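In what follows, a single structure is set out as structure tokens and then discussed.
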Amino acid sequence: QVQLVESGGGLVQPGGSLRLSCAASGFTFSRNAMSWYRQVQGKERELVASITSVDGITKYGDSVKGRFTISRDNAKNTVFLQMNSLKPEDTAVYYCNAGYSRPVFETWGQGTQVTVSS
């Protein structure tokens with residue numbers, strides 16, 4: 001079955017950096033685009049960044065452009081999100097899923113909490 005395991009979150013001060021990882025299994029990772037989403041309690045899940053399967057073409061939400069970078073390692077079935085210049089409004093639970101514009105799988109991982117606060 002599909003498993004998505006996010007890690008790397010934590011508490012960081014404004015202006016700091018974090019690198020999130022998502023280990024995927026149960027599907028052909030190298031053939032799927034991958035995306036990062038985030039969700040604040042009480043709000044809808046927001047698409048943050050996406051990367052295609054082979055070409056590595058990326059896209060970003062307007063709120064994170066220039067600060068976040070998505071990448072992937074197809075040999076390790078892992079997708080990453082490098083987050084720099086973090087702001088308090090980046091505070092959320094971050095999730096990954098397959099797909100470029102919408103999630104492929106109904107099942108989500110547990111997510112990883114990112115808290116940006118001084």
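Letters A, B, ... mark the chains of the structure tokens in the order given; residue numbers begin at 1 per chain; ligand numbers begin at 1, in order shown.
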Open item on the list: as an MDAnalysis selection string, please: the residues near Gln1 of chain A (cut-off 12 Å, only C-alpha atoms, same-chain neighbours under 4 positions excluded).
Closed with: chainID A and resid 24:28 105:108
Open item on the list: Need to verify the contact set: Thr78 of chain A, 12 Å, only C-alpha atoms, exclusion of same-chain residues closer than 2 positions in sequence. Can you return it as a PyMOL selection string?
Closed with: chain A and resi 3-7+20-25+28-30+32-36+51+53+70-76+80-81+96-98
So that I have them on file, write out the residues from the current selection with N, CA and C atoms, as a short mmCIF file (atom, residue, chain, number, x, y, z; two decimals), in the first residue's frame.
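Heads up, here's the output in result-v2.cif:
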```cif
data_model
loop_
_atom_site.label_atom_id
_atom_site.label_comp_id
_atom_site.auth_asym_id
_atom_site.auth_seq_id
_atom_site.Cartn_x
_atom_site.Cartn_y
_atom_site.Cartn_z
N GLN A 3 2.62 4.47 1.07
CA GLN A 3 3.05 5.09 2.33
C GLN A 3 3.83 6.36 2.02
N LEU A 4 3.50 7.41 2.71
CA LEU A 4 4.19 8.69 2.59
C LEU A 4 4.59 9.11 4.00
N VAL A 5 5.89 9.22 4.23
CA VAL A 5 6.39 9.51 5.58
C VAL A 5 7.20 10.81 5.54
N GLU A 6 6.61 11.85 6.10
CA GLU A 6 7.26 13.15 6.13
C GLU A 6 8.10 13.32 7.40
N SER A 7 9.18 14.05 7.28
CA SER A 7 10.04 14.31 8.44
C SER A 7 10.82 15.60 8.22
N LEU A 20 12.76 19.57 4.70
CA LEU A 20 11.81 18.49 4.90
C LEU A 20 12.11 17.35 3.93
N SER A 21 11.80 16.13 4.38
CA SER A 21 11.94 14.95 3.54
C SER A 21 10.63 14.17 3.54
N CYS A 22 10.37 13.51 2.43
CA CYS A 22 9.20 12.63 2.33
C CYS A 22 9.66 11.34 1.67
N ALA A 23 9.61 10.26 2.44
CA ALA A 23 9.97 8.94 1.93
C ALA A 23 8.70 8.26 1.44
N ALA A 24 8.70 7.84 0.18
CA ALA A 24 7.52 7.26 -0.44
C ALA A 24 7.73 5.79 -0.76
N SER A 25 6.66 5.03 -0.68
CA SER A 25 6.71 3.61 -1.03
C SER A 25 5.32 3.16 -1.45
N THR A 28 5.14 3.50 -7.99
CA THR A 28 6.34 3.76 -8.79
C THR A 28 6.69 5.23 -8.69
N PHE A 29 7.54 5.52 -7.73
CA PHE A 29 7.89 6.90 -7.40
C PHE A 29 8.45 7.64 -8.61
N SER A 30 9.35 7.01 -9.34
CA SER A 30 10.04 7.69 -10.43
C SER A 30 9.12 8.09 -11.57
N ASN A 32 6.05 9.36 -11.09
CA ASN A 32 5.05 10.29 -10.59
C ASN A 32 5.64 11.64 -10.24
N ALA A 33 4.94 12.69 -10.66
CA ALA A 33 5.25 13.99 -10.10
C ALA A 33 4.97 13.95 -8.60
N MET A 34 5.62 14.82 -7.87
CA MET A 34 5.42 14.88 -6.42
C MET A 34 5.20 16.32 -5.99
N SER A 35 4.46 16.48 -4.94
CA SER A 35 4.15 17.82 -4.44
C SER A 35 4.23 17.88 -2.93
N TRP A 36 4.47 19.07 -2.43
CA TRP A 36 4.35 19.37 -1.01
C TRP A 36 3.13 20.26 -0.81
N ILE A 51 7.05 19.02 -8.38
CA ILE A 51 8.17 18.68 -9.25
C ILE A 51 7.76 17.51 -10.14
N SER A 53 8.27 14.17 -12.75
CA SER A 53 8.90 12.90 -12.42
C SER A 53 10.33 12.77 -12.92
N ILE A 70 11.99 22.69 -4.10
CA ILE A 70 11.62 21.28 -4.09
C ILE A 70 12.62 20.52 -4.94
N SER A 71 12.97 19.32 -4.49
CA SER A 71 13.87 18.46 -5.24
C SER A 71 13.51 17.01 -4.95
N ARG A 72 14.10 16.09 -5.69
CA ARG A 72 13.77 14.68 -5.49
C ARG A 72 14.99 13.83 -5.79
N ASP A 73 14.99 12.64 -5.19
CA ASP A 73 16.00 11.62 -5.44
C ASP A 73 15.24 10.35 -5.81
N ASN A 74 15.16 10.07 -7.09
CA ASN A 74 14.38 8.91 -7.54
C ASN A 74 15.01 7.59 -7.11
N ALA A 75 16.31 7.58 -6.89
CA ALA A 75 16.97 6.36 -6.43
C ALA A 75 16.58 6.01 -4.99
N LYS A 76 16.20 7.04 -4.23
CA LYS A 76 15.84 6.83 -2.82
C LYS A 76 14.36 7.03 -2.57
N PHE A 80 12.18 16.26 -1.38
CA PHE A 80 12.65 17.19 -0.35
C PHE A 80 12.02 18.56 -0.54
N LEU A 81 12.00 19.32 0.54
CA LEU A 81 11.59 20.71 0.47
C LEU A 81 12.56 21.52 1.32
N CYS A 96 3.31 15.53 1.89
CA CYS A 96 3.64 15.29 0.48
C CYS A 96 2.59 14.35 -0.11
N ASN A 97 2.51 14.37 -1.43
CA ASN A 97 1.63 13.45 -2.14
C ASN A 97 2.12 13.38 -3.58
N ALA A 98 1.73 12.38 -4.31
CA ALA A 98 2.03 12.31 -5.73
C ALA A 98 1.12 13.27 -6.48
#
```
Open item on the list: For a quick check of understanding, using only C-alpha atoms, which of A:Arg45, A:Lys59, A:Arg67, A:Arg19 has the smallest distance to Val93 of chain A?
Closed with: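 For Val93 of chain A, the nearest of the candidates is A:Arg45.
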Open item on the list: Let's see if you can do this: from backbone DSSP, list all strand (DSSP E or B) residues in chain A, as number ranges by chain.
Closed with: A: 3-7, 10-12, 18-25, 34-39, 46-51, 58-60, 68-73, 78-83, 92-98, 112-116
Counting only C-alpha atoms, what is within 7 Å of Thr91 of chain A, bar same-chain residues fewer than 4 positions away, as a PDB file with N, CA and C atoms, in the first residue's frame?
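This is the output file out_30.pdb:
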```
ATOM      1  N   VAL A 114       5.809  22.301  11.126  1.00  0.00           N
ATOM      2  CA  VAL A 114       6.784  23.380  11.032  1.00  0.00           C
ATOM      3  C   VAL A 114       6.223  24.572  11.794  1.00  0.00           C
ATOM      4  N   THR A 115       6.979  25.050  12.756  1.00  0.00           N
ATOM      5  CA  THR A 115       6.570  26.211  13.545  1.00  0.00           C
ATOM      6  C   THR A 115       7.658  27.270  13.451  1.00  0.00           C
ATOM      7  N   VAL A 116       7.273  28.442  12.977  1.00  0.00           N
ATOM      8  CA  VAL A 116       8.211  29.556  12.838  1.00  0.00           C
ATOM      9  C   VAL A 116       7.815  30.617  13.852  1.00  0.00           C
TER      10      VAL A 116
END
```
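For the residues A:Tyr94, A:Tyr37, A:Tyr60, A:Phe68, ranking by smallest atom-to-atom distance to Gly8 of chain A using only C-alpha atoms places A:Tyr94 first.
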